[in-house]
>>> print(open('my_file12.txt').read())   # compact mmCIF, C-alpha atoms
# COMPACT_ATOMS: atom_id res chain seq x y z
CA MET A 22 108.53 119.73 103.33
CA ALA A 23 106.53 118.91 100.22
CA THR A 24 103.81 121.32 99.12
CA TYR A 25 100.99 118.74 98.77
CA SER A 26 98.02 118.63 101.19
CA ARG A 27 98.68 116.62 104.34
CA ARG A 28 95.41 114.70 104.09
CA MET A 29 94.46 111.97 101.66
CA HIS A 30 91.67 109.71 100.48
CA ALA A 31 92.05 106.15 101.82
CA VAL A 32 89.96 102.98 101.86
CA PRO A 33 90.43 101.08 105.16
CA TYR A 34 88.35 98.53 107.03
CA ASP A 35 87.84 98.72 110.78
CA LYS A 36 87.15 95.10 111.82
CA TYR A 37 87.59 91.52 110.71
CA GLY A 38 85.08 90.26 108.17
CA GLY A 39 82.54 92.10 106.07
CA GLY A 40 84.14 91.72 102.64
CA ALA A 41 83.94 94.55 100.13
CA GLN A 42 81.03 96.18 101.94
CA ALA A 43 83.24 96.75 105.00
CA LEU A 44 85.66 98.99 103.06
CA LYS A 45 85.15 102.65 103.98
CA HIS A 46 86.11 105.79 102.07
CA VAL A 47 87.68 108.27 104.47
CA GLU A 48 90.02 111.25 104.65
CA VAL A 49 93.07 110.62 106.83
CA PRO A 50 96.46 112.25 107.42
CA ILE A 51 99.18 111.43 104.91
CA PRO A 52 101.76 109.21 106.62
CA THR A 53 105.20 110.62 107.36
CA PRO A 54 108.12 108.44 106.28
CA LYS A 55 110.24 107.22 109.18
CA LYS A 56 113.94 106.44 109.13
CA GLY A 57 114.72 104.25 106.13
CA GLU A 58 111.32 104.79 104.50
CA VAL A 59 110.04 106.58 101.41
CA LEU A 60 106.67 108.23 100.93
CA ILE A 61 105.07 107.20 97.65
CA LYS A 62 102.35 109.12 95.81
CA MET A 63 100.33 106.14 94.73
CA GLU A 64 99.51 105.58 91.07
CA ALA A 65 98.36 101.96 91.30
CA GLY A 66 98.02 99.08 93.74
CA SER A 67 97.26 95.42 93.20
CA ILE A 68 94.70 93.41 95.19
CA ASN A 69 95.90 89.92 96.15
CA GLN A 70 94.12 87.03 97.84
CA VAL A 71 96.14 87.65 100.98
CA ASP A 72 94.50 91.08 101.34
CA TRP A 73 90.96 89.80 101.81
CA LYS A 74 92.05 86.61 103.56
CA PHE A 75 93.59 88.74 106.29
CA GLN A 76 90.36 90.74 106.42
CA LYS A 77 88.51 87.46 106.94
CA GLY A 78 90.72 86.81 109.95
CA VAL A 79 92.94 83.93 108.81
CA ALA A 80 95.85 85.46 110.76
CA ARG A 81 93.81 86.93 113.63
CA PRO A 82 94.89 88.58 115.92
CA PHE A 83 98.32 89.17 114.39
CA MET A 84 97.42 90.58 110.96
CA PRO A 85 96.00 93.10 111.02
CA ASN A 86 96.90 93.78 114.63
CA LYS A 87 95.12 97.12 114.83
CA PHE A 88 92.20 98.93 113.19
CA PRO A 89 91.37 100.82 111.10
CA PHE A 90 93.68 99.12 108.60
CA ILE A 91 94.41 100.31 105.07
CA PRO A 92 94.99 97.16 102.98
CA VAL A 93 97.03 96.32 99.85
CA TYR A 94 100.74 95.57 99.95
CA ASP A 95 101.69 96.00 96.27
CA LEU A 96 102.57 99.63 95.59
CA ALA A 97 103.47 101.59 92.45
CA GLY A 98 103.95 105.32 92.21
CA GLU A 99 106.34 108.25 92.64
CA VAL A 100 108.62 109.06 95.56
CA VAL A 101 107.60 112.40 97.06
CA GLU A 102 109.43 112.41 100.38
CA LEU A 103 112.41 110.64 101.93
CA GLY A 104 112.78 109.42 105.47
CA ARG A 105 115.98 109.99 107.39
CA GLY A 106 118.96 108.10 106.05
CA VAL A 107 117.52 107.26 102.61
CA SER A 108 120.05 107.92 99.86
CA SER A 109 119.11 105.25 97.29
CA PHE A 110 116.14 107.24 95.95
CA LYS A 111 115.33 110.86 95.22
CA VAL A 112 112.08 112.77 95.00
CA GLY A 113 110.48 112.15 91.62
CA ASP A 114 111.70 108.57 91.20
CA LYS A 115 109.13 106.13 89.82
CA VAL A 116 109.09 102.96 91.93
CA ILE A 117 107.39 99.74 92.88
CA ALA A 118 107.38 98.48 96.46
CA ILE A 119 106.06 95.92 98.89
CA ASN A 120 104.83 97.13 102.29
CA PHE A 121 104.18 93.99 104.32
CA PRO A 122 102.71 93.76 106.88
CA GLY A 123 101.93 97.47 106.99
CA GLY A 124 99.83 97.64 103.83
CA GLY A 125 98.52 101.09 102.99
CA GLY A 126 98.10 100.68 99.22
CA LEU A 127 94.41 101.61 99.02
CA ALA A 128 95.19 105.28 99.49
CA GLU A 129 96.59 108.26 97.65
CA TYR A 130 99.90 108.01 99.55
CA ALA A 131 101.73 105.11 101.21
CA VAL A 132 105.06 104.51 102.90
CA ALA A 133 107.48 101.65 102.28
CA GLN A 134 110.95 100.68 103.43
CA ALA A 135 113.53 101.90 100.92
CA SER A 136 115.13 98.46 101.18
CA ARG A 137 111.89 96.94 99.84
CA THR A 138 111.40 99.50 97.09
CA ALA A 139 112.72 99.13 93.55
CA PRO A 140 113.11 101.51 90.61
CA ARG A 141 110.38 101.22 87.98
CA PRO A 142 111.76 101.39 84.43
CA PRO A 143 110.04 103.91 82.14
CA GLU A 144 108.81 101.04 79.95
CA VAL A 145 106.78 99.66 82.89
CA SER A 146 103.48 101.40 83.62
CA ALA A 147 102.27 101.91 87.16
CA ALA A 148 99.45 99.39 86.64
CA VAL A 149 101.85 96.73 85.39
CA GLY A 150 104.40 97.60 88.06
CA ALA A 151 101.81 97.07 90.79
CA CYS A 152 101.33 93.49 89.55
CA LEU A 153 104.93 92.51 90.22
CA PRO A 154 106.00 92.62 93.91
CA ILE A 155 103.85 89.77 95.22
CA ALA A 156 102.68 87.82 92.18
CA ALA A 157 105.68 87.87 89.84
CA VAL A 158 108.25 87.55 92.61
CA THR A 159 106.31 84.68 94.20
CA ALA A 160 106.32 82.85 90.84
CA LEU A 161 110.06 83.45 90.55
CA VAL A 162 110.86 82.21 94.05
CA ALA A 163 108.53 79.21 93.73
CA LEU A 164 110.33 78.01 90.61
CA ARG A 165 113.71 78.49 92.27
CA THR A 166 112.52 76.58 95.31
CA ALA A 167 111.42 73.70 93.08
CA GLY A 168 114.91 73.60 91.56
CA VAL A 169 113.86 75.02 88.20
CA SER A 170 116.71 76.86 86.47
CA LEU A 171 115.72 80.24 85.09
CA ASP A 172 117.79 82.82 83.24
CA ALA A 173 121.56 82.68 83.67
CA GLY A 174 122.60 84.23 86.96
CA ASP A 175 119.10 84.09 88.41
CA GLY A 176 119.97 81.60 91.12
CA GLY A 177 117.71 78.70 90.11
CA GLY A 178 119.02 75.20 90.58
CA GLY A 179 120.69 73.20 87.84
CA GLY A 180 120.55 73.74 84.11
CA ALA A 181 118.60 70.64 83.05
CA LYS A 182 115.30 71.19 81.27
CA LYS A 183 112.43 70.00 83.43
CA ASN A 184 108.78 69.07 83.22
CA VAL A 185 106.95 71.78 85.15
CA LEU A 186 103.29 71.83 86.20
CA VAL A 187 101.60 75.12 87.12
CA THR A 188 98.12 74.94 88.67
CA ALA A 189 95.71 77.89 88.44
CA ALA A 190 97.88 79.06 85.58
CA SER A 191 95.64 81.94 84.52
CA GLY A 192 95.73 83.52 87.98
CA GLY A 193 97.96 86.23 89.37
CA VAL A 194 100.95 84.07 90.29
CA GLY A 195 100.31 81.26 87.84
CA HIS A 196 100.44 83.33 84.66
CA PHE A 197 103.89 84.64 85.65
CA ALA A 198 105.13 81.15 86.55
CA VAL A 199 104.14 79.80 83.12
CA GLN A 200 106.05 82.57 81.36
CA LEU A 201 109.17 82.29 83.50
CA ALA A 202 109.44 78.52 83.14
CA SER A 203 108.68 78.57 79.42
CA ALA A 204 111.15 81.37 78.68
CA ALA A 205 113.89 79.30 80.33
CA GLY A 206 113.15 76.41 77.99
CA HIS A 207 111.32 74.07 80.36
CA ARG A 208 108.36 71.94 79.30
CA VAL A 209 105.27 73.47 80.90
CA THR A 210 101.93 71.84 81.62
CA ALA A 211 99.28 74.17 83.04
CA THR A 212 95.82 73.86 84.54
CA CYS A 213 93.12 76.50 84.18
CA GLY A 214 89.47 76.89 83.23
CA ALA A 215 88.48 76.19 79.64
CA ARG A 216 87.84 79.86 78.93
CA ASN A 217 91.50 80.70 79.60
CA ALA A 218 93.13 77.84 77.71
CA VAL A 219 94.10 79.93 74.70
CA LEU A 220 95.55 82.68 76.90
CA VAL A 221 97.65 80.24 78.94
CA GLY A 222 98.89 78.51 75.80
CA GLY A 223 99.87 81.90 74.44
CA LEU A 224 101.90 82.58 77.59
CA GLY A 225 104.06 79.58 76.79
CA ALA A 226 102.38 76.46 78.20
CA ASP A 227 103.06 73.40 76.04
CA GLU A 228 100.05 71.54 77.43
CA VAL A 229 96.90 73.05 78.95
CA LEU A 230 94.53 71.03 81.13
CA ASP A 231 90.95 72.06 81.87
CA TYR A 232 90.72 71.54 85.63
CA ALA A 233 87.02 70.69 85.27
CA THR A 234 87.75 67.52 83.27
CA PRO A 235 88.75 64.17 84.82
CA GLU A 236 92.24 64.50 83.28
CA GLY A 237 92.62 68.01 84.63
CA ALA A 238 91.41 67.06 88.09
CA ALA A 239 93.92 64.20 88.10
CA LEU A 240 96.69 66.54 86.85
CA ARG A 241 97.56 64.01 84.13
CA SER A 242 99.83 65.27 81.37
CA PRO A 243 98.35 64.50 77.92
CA SER A 244 101.79 63.33 76.81
CA GLY A 245 102.36 61.22 79.90
CA ARG A 246 105.00 63.49 81.44
CA ARG A 247 105.98 63.05 85.05
CA TYR A 248 106.55 66.40 86.68
CA ASP A 249 109.93 67.35 88.11
CA ALA A 250 108.46 70.52 89.61
CA VAL A 251 104.96 71.73 90.47
CA VAL A 252 104.03 75.31 91.32
CA HIS A 253 100.72 74.83 93.09
CA CYS A 254 98.87 78.13 93.00
CA ALA A 255 95.30 76.85 93.19
CA ALA A 256 93.59 77.69 96.47
CA VAL A 257 91.77 74.35 96.55
CA ALA A 258 90.96 73.45 100.15
CA GLY A 259 91.97 69.93 101.01
CA LEU A 260 93.74 69.01 97.75
CA PRO A 261 95.75 66.11 99.16
CA TRP A 262 99.31 65.01 98.53
CA SER A 263 97.80 61.91 96.92
CA ALA A 264 96.67 64.09 94.01
CA PHE A 265 100.28 64.97 93.23
CA ALA A 266 102.26 61.84 94.11
CA PRO A 267 101.15 59.70 91.12
CA VAL A 268 102.13 62.34 88.55
CA LEU A 269 105.53 63.28 89.99
CA ALA A 270 108.93 62.16 88.78
CA ASP A 271 110.97 60.14 91.29
CA ALA A 272 112.44 63.28 92.85
CA GLY A 273 109.57 65.62 92.04
CA VAL A 274 108.95 68.72 94.15
CA VAL A 275 105.58 70.39 94.78
CA VAL A 276 105.80 73.99 95.98
CA ASP A 277 102.49 74.85 97.68
CA LEU A 278 101.70 78.56 97.73
CA THR A 279 98.45 78.18 99.68
CA PRO A 280 99.43 75.60 102.30
CA GLY A 281 97.13 74.46 105.07
CA ALA A 282 97.85 72.38 108.14
CA ALA A 283 97.82 69.16 106.11
CA ALA A 284 100.55 70.49 103.82
CA PHE A 285 102.84 71.24 106.76
CA ALA A 286 102.18 67.82 108.26
CA THR A 287 102.97 66.14 104.94
CA ALA A 288 106.18 68.13 104.52
CA LEU A 289 107.32 67.19 108.02
CA ARG A 290 106.56 63.51 107.49
CA GLN A 291 108.49 63.51 104.21
CA ARG A 292 111.47 65.14 105.85
CA VAL A 293 111.76 62.60 108.64
CA THR A 294 111.28 59.67 106.23
CA PHE A 295 113.77 61.08 103.68
CA SER A 296 111.19 60.93 100.90
CA ARG A 297 112.56 61.79 97.45
CA LYS A 298 109.22 63.24 96.40
CA ARG A 299 108.63 66.39 98.42
CA LEU A 300 105.98 68.95 99.28
CA VAL A 301 107.36 72.39 100.18
CA PRO A 302 105.00 74.95 101.77
CA LEU A 303 106.15 78.42 100.72
CA PHE A 304 105.56 81.94 101.93
CA VAL A 305 107.48 84.60 100.00
CA SER A 306 108.88 87.88 101.26
CA PRO A 307 109.72 89.83 98.09
CA THR A 308 113.17 91.42 97.96
CA LYS A 309 114.30 94.57 96.22
CA GLU A 310 116.65 92.52 94.03
CA ASP A 311 113.87 90.22 92.82
CA MET A 312 111.53 93.15 92.18
CA GLU A 313 114.25 94.77 90.07
CA LEU A 314 114.75 91.50 88.21
CA VAL A 315 111.11 91.01 87.21
CA ALA A 316 110.64 94.72 86.42
CA GLY A 317 113.66 94.51 84.14
CA MET A 318 112.20 91.47 82.39
CA VAL A 319 108.97 93.36 81.76
CA ALA A 320 110.91 96.35 80.41
CA GLU A 321 112.78 94.04 78.03
CA GLY A 322 109.58 92.39 76.80
CA LYS A 323 110.46 89.02 78.37
CA LEU A 324 107.54 89.02 80.81
CA ARG A 325 104.07 90.52 80.66
CA ALA A 326 101.35 91.12 83.18
CA VAL A 327 97.78 90.11 82.39
CA ILE A 328 95.37 92.56 83.99
CA GLU A 329 91.81 91.36 84.45
CA SER A 330 90.30 94.65 85.57
CA ARG A 331 91.17 98.18 86.65
CA HIS A 332 89.24 100.17 89.22
CA PRO A 333 89.59 103.77 90.42
CA LEU A 334 90.23 104.29 94.12
CA SER A 335 86.70 105.70 94.39
CA THR A 336 85.28 102.24 93.59
CA ALA A 337 88.06 100.09 95.05
CA GLU A 338 85.43 97.88 96.70
CA GLU A 339 84.42 96.60 93.25
CA GLY A 340 87.93 95.27 92.66
CA TRP A 341 87.95 93.79 96.17
CA ALA A 342 84.69 91.96 95.48
CA ARG A 343 86.02 90.72 92.13
CA SER A 344 89.09 89.27 93.80
CA MET A 345 87.00 87.58 96.50
CA ALA A 346 84.77 86.01 93.84
CA GLY A 347 87.73 83.96 92.60
CA HIS A 348 88.86 82.78 89.18
CA ALA A 349 90.23 86.17 88.14
CA THR A 350 92.31 86.05 84.98
CA GLY A 351 95.57 87.72 85.92
CA LYS A 352 95.65 90.70 88.23
CA ILE A 353 93.13 93.18 89.66
CA ILE A 354 94.38 96.76 89.84
CA VAL A 355 93.24 99.87 91.69
CA GLU A 356 94.43 103.11 90.07
CA MET A 357 94.75 106.39 91.93
CA GLY A 358 95.66 108.77 89.12
CA ASP A 359 94.86 112.34 90.06
CA GLU A 360 91.75 111.56 92.06
CA GLN A 361 90.95 114.03 94.80
>>> encode(input="my_file12.txt", output="structure tokens")
Amino acid sequence: MATYSRRMHAVPYDKYGGGAQALKHVEVPIPTPKKGEVLIKMEAGSINQVDWKFQKGVARPFMPNKFPFIPVYDLAGEVVELGRGVSSFKVGDKVIAINFPGGGGLAEYAVAQASRTAPRPPEVSAAVGACLPIAAVTALVALRTAGVSLDAGDGGGGGAKKNVLVTAASGGVGHFAVQLASAAGHRVTATCGARNAVLVGGLGADEVLDYATPEGAALRSPSGRRYDAVVHCAAVAGLPWSAFAPVLADAGVVVDLTPGAAAFATALRQRVTFSRKRLVPLFVSPTKEDMELVAGMVAEGKLRAVIESRHPLSTAEEGWARSMAGHATGKIIVEMGDEQ
């Protein structure tokens, strides 16, 4: 048994609703890894929209299905204990992981399935590593789903260069999608706020639209491009299919990462009518292989994480509130360090 204390600082909430003010700082037992799990001494976690949306009750009563609940699914840290049957890691390994739906990232220690844990290269810091499981992997899978070819052997569809639109391109998923598509040689148009236009252009977007302008709201390419693929990251309630249809190529695909009921209805209607233009609602379950892939790209300098803000665990609620406020540029990180 490890020599560390068996209690830890954690930041759970104990009911639906309440936002950042409902997060509580408590001392709780350190979890024990079960069969197939690893115990991670947390160094950093990343707050995603899904964290506070679940707190709001969008998946009530299924997620969370019990309280108190320690949120945050993106984990980065060091393996300190192995559950029964784990042979792919050893104590001391630096890793990133996704623990969904169990969460647990707003704490000094968290468990994750070894099968959903990936080695973290030494070139990748804990803060950067924590950005990758949900956001970078979602960008990767969204582009694949839209038929956008990425690096050789990645599994994307076809090798033709495509016109790609990324909405909310300065956000957590969007800024990775811009880089991945651009690095593979595709022509990228991106939407974001005016203050982030230079950043998004620097990430590889060929054209940047200010979403607050009429052209940006209409998603119109300045060069008149019709989009073969759209990665729709913007959490804009009620943005209809009619906003996308006029700017799509004949067989254009929109991958919606924040789908509502209307998106599912549209996708079903298109399927039964054999529409060439398609809307695809997407929920991503990150895999170990994809986490390794994006971590390797970061280590090689082919992909970078933009971090908007960093917060110690002792003030994790500030990062939570920042995420809920919207329009974050890149990722919001909570760092554990050696806090007691």
>>> atom_distance(input="my_file12.txt", atom1="atom CA of A:Cys213", atom2="atom CA of A:Asp277")
16.5 Å
>>> atom_distance(input="my_file12.txt", atom1="atom CA of A:Val276", atom2="atom CA of A:Ala288")
10.4 Å
>>> atom_distance(input="my_file12.txt", atom1="atom CA of A:Asp35", atom2="atom CA of A:Ile353")
22.5 Å
>>> residues_around(input="my_file12.txt", residues="stretch 310-316 of chain A", least_positions_apart="4", cutoff="10 Å", atoms="all atoms listed in the file", output="PyMOL selection string")
chain A and resi 116-119+136-142+144-145+149-150+152-155+157-159+161-162+175+197+201+320-325
>>> write_last_selection(input="my_file12.txt", atoms="C-alpha atoms", output="mmCIF file, in the coordinates of the input")
data_model
loop_
_atom_site.group_PDB
_atom_site.id
_atom_site.type_symbol
_atom_site.label_atom_id
_atom_site.label_comp_id
_atom_site.auth_asym_id
_atom_site.auth_seq_id
_atom_site.Cartn_x
_atom_site.Cartn_y
_atom_site.Cartn_z
ATOM 1 C CA VAL A 116 109.090 102.960 91.930
ATOM 2 C CA ILE A 117 107.390 99.740 92.880
ATOM 3 C CA ALA A 118 107.380 98.480 96.460
ATOM 4 C CA ILE A 119 106.060 95.920 98.890
ATOM 5 C CA SER A 136 115.130 98.460 101.180
ATOM 6 C CA ARG A 137 111.890 96.940 99.840
ATOM 7 C CA THR A 138 111.400 99.500 97.090
ATOM 8 C CA ALA A 139 112.720 99.130 93.550
ATOM 9 C CA PRO A 140 113.110 101.510 90.610
ATOM 10 C CA ARG A 141 110.380 101.220 87.980
ATOM 11 C CA PRO A 142 111.760 101.390 84.430
ATOM 12 C CA GLU A 144 108.810 101.040 79.950
ATOM 13 C CA VAL A 145 106.780 99.660 82.890
ATOM 14 C CA VAL A 149 101.850 96.730 85.390
ATOM 15 C CA GLY A 150 104.400 97.600 88.060
ATOM 16 C CA CYS A 152 101.330 93.490 89.550
ATOM 17 C CA LEU A 153 104.930 92.510 90.220
ATOM 18 C CA PRO A 154 106.000 92.620 93.910
ATOM 19 C CA ILE A 155 103.850 89.770 95.220
ATOM 20 C CA ALA A 157 105.680 87.870 89.840
ATOM 21 C CA VAL A 158 108.250 87.550 92.610
ATOM 22 C CA THR A 159 106.310 84.680 94.200
ATOM 23 C CA LEU A 161 110.060 83.450 90.550
ATOM 24 C CA VAL A 162 110.860 82.210 94.050
ATOM 25 C CA ASP A 175 119.100 84.090 88.410
ATOM 26 C CA PHE A 197 103.890 84.640 85.650
ATOM 27 C CA LEU A 201 109.170 82.290 83.500
ATOM 28 C CA ALA A 320 110.910 96.350 80.410
ATOM 29 C CA GLU A 321 112.780 94.040 78.030
ATOM 30 C CA GLY A 322 109.580 92.390 76.800
ATOM 31 C CA LYS A 323 110.460 89.020 78.370
ATOM 32 C CA LEU A 324 107.540 89.020 80.810
ATOM 33 C CA ARG A 325 104.070 90.520 80.660
#
>>> closest_atom_pairs(input="my_file12.txt", of="stretch 26-49 of chain A", to="stretch 332-335 of chain A", cutoff="9 Å", atoms="all atoms listed in the file", output="tab-separated table")
residue	atom	partner	partner_atom	distance
A:His30	CA	A:Leu334	CA	8.5
A:Ala31	CA	A:Leu334	CA	8.1
A:Val32	CA	A:Leu334	CA	7.9
A:His46	CA	A:Ser335	CA	7.7
>>> residues_around(input="my_file12.txt", residues="A:Gly358", least_positions_apart="2", cutoff="9 Å", atoms="only C-alpha atoms", output="ChimeraX atom specification")
/A:63-65,129,333-334,356,360
>>> residues_near_point(input="my_file12.txt", point="(112.2, 102.0, 108.0)", cutoff="8 Å", atoms="all atoms listed in the file", output="VMD selection string")
chain A and resid 54 to 58 104 133 to 135
>>> decode(input="my_file12.txt", residues="stretch 244-255 of chain A", atoms="N, CA and C atoms", output="compact mmCIF listing (two decimals), in the first residue's frame")
# COMPACT_ATOMS: atom_id res chain seq x y z
N SER A 244 -14.49 34.09 -49.60
CA SER A 244 -14.07 33.71 -50.96
C SER A 244 -15.15 32.93 -51.71
N GLY A 245 -16.31 32.79 -51.08
CA GLY A 245 -17.41 32.09 -51.75
C GLY A 245 -17.33 30.58 -51.68
N ARG A 246 -16.52 30.05 -50.81
CA ARG A 246 -16.40 28.59 -50.69
C ARG A 246 -17.71 27.96 -50.22
N ARG A 247 -18.00 26.80 -50.72
CA ARG A 247 -19.05 25.95 -50.17
C ARG A 247 -18.37 24.88 -49.33
N TYR A 248 -18.89 24.64 -48.17
CA TYR A 248 -18.20 23.78 -47.22
C TYR A 248 -18.52 22.31 -47.44
N ASP A 249 -17.45 21.51 -47.53
CA ASP A 249 -17.61 20.06 -47.60
C ASP A 249 -17.87 19.48 -46.22
N ALA A 250 -17.33 20.15 -45.19
CA ALA A 250 -17.44 19.64 -43.82
C ALA A 250 -17.55 20.82 -42.86
N VAL A 251 -18.42 20.68 -41.88
CA VAL A 251 -18.58 21.69 -40.83
C VAL A 251 -18.45 21.00 -39.48
N VAL A 252 -17.58 21.52 -38.64
CA VAL A 252 -17.51 21.09 -37.24
C VAL A 252 -18.19 22.19 -36.43
N HIS A 253 -19.41 21.91 -36.01
CA HIS A 253 -20.23 22.92 -35.33
C HIS A 253 -20.06 22.80 -33.83
N CYS A 254 -19.22 23.67 -33.28
CA CYS A 254 -18.91 23.64 -31.85
C CYS A 254 -19.73 24.65 -31.06
N ALA A 255 -20.30 25.63 -31.74
CA ALA A 255 -20.98 26.72 -31.04
C ALA A 255 -22.24 26.22 -30.35
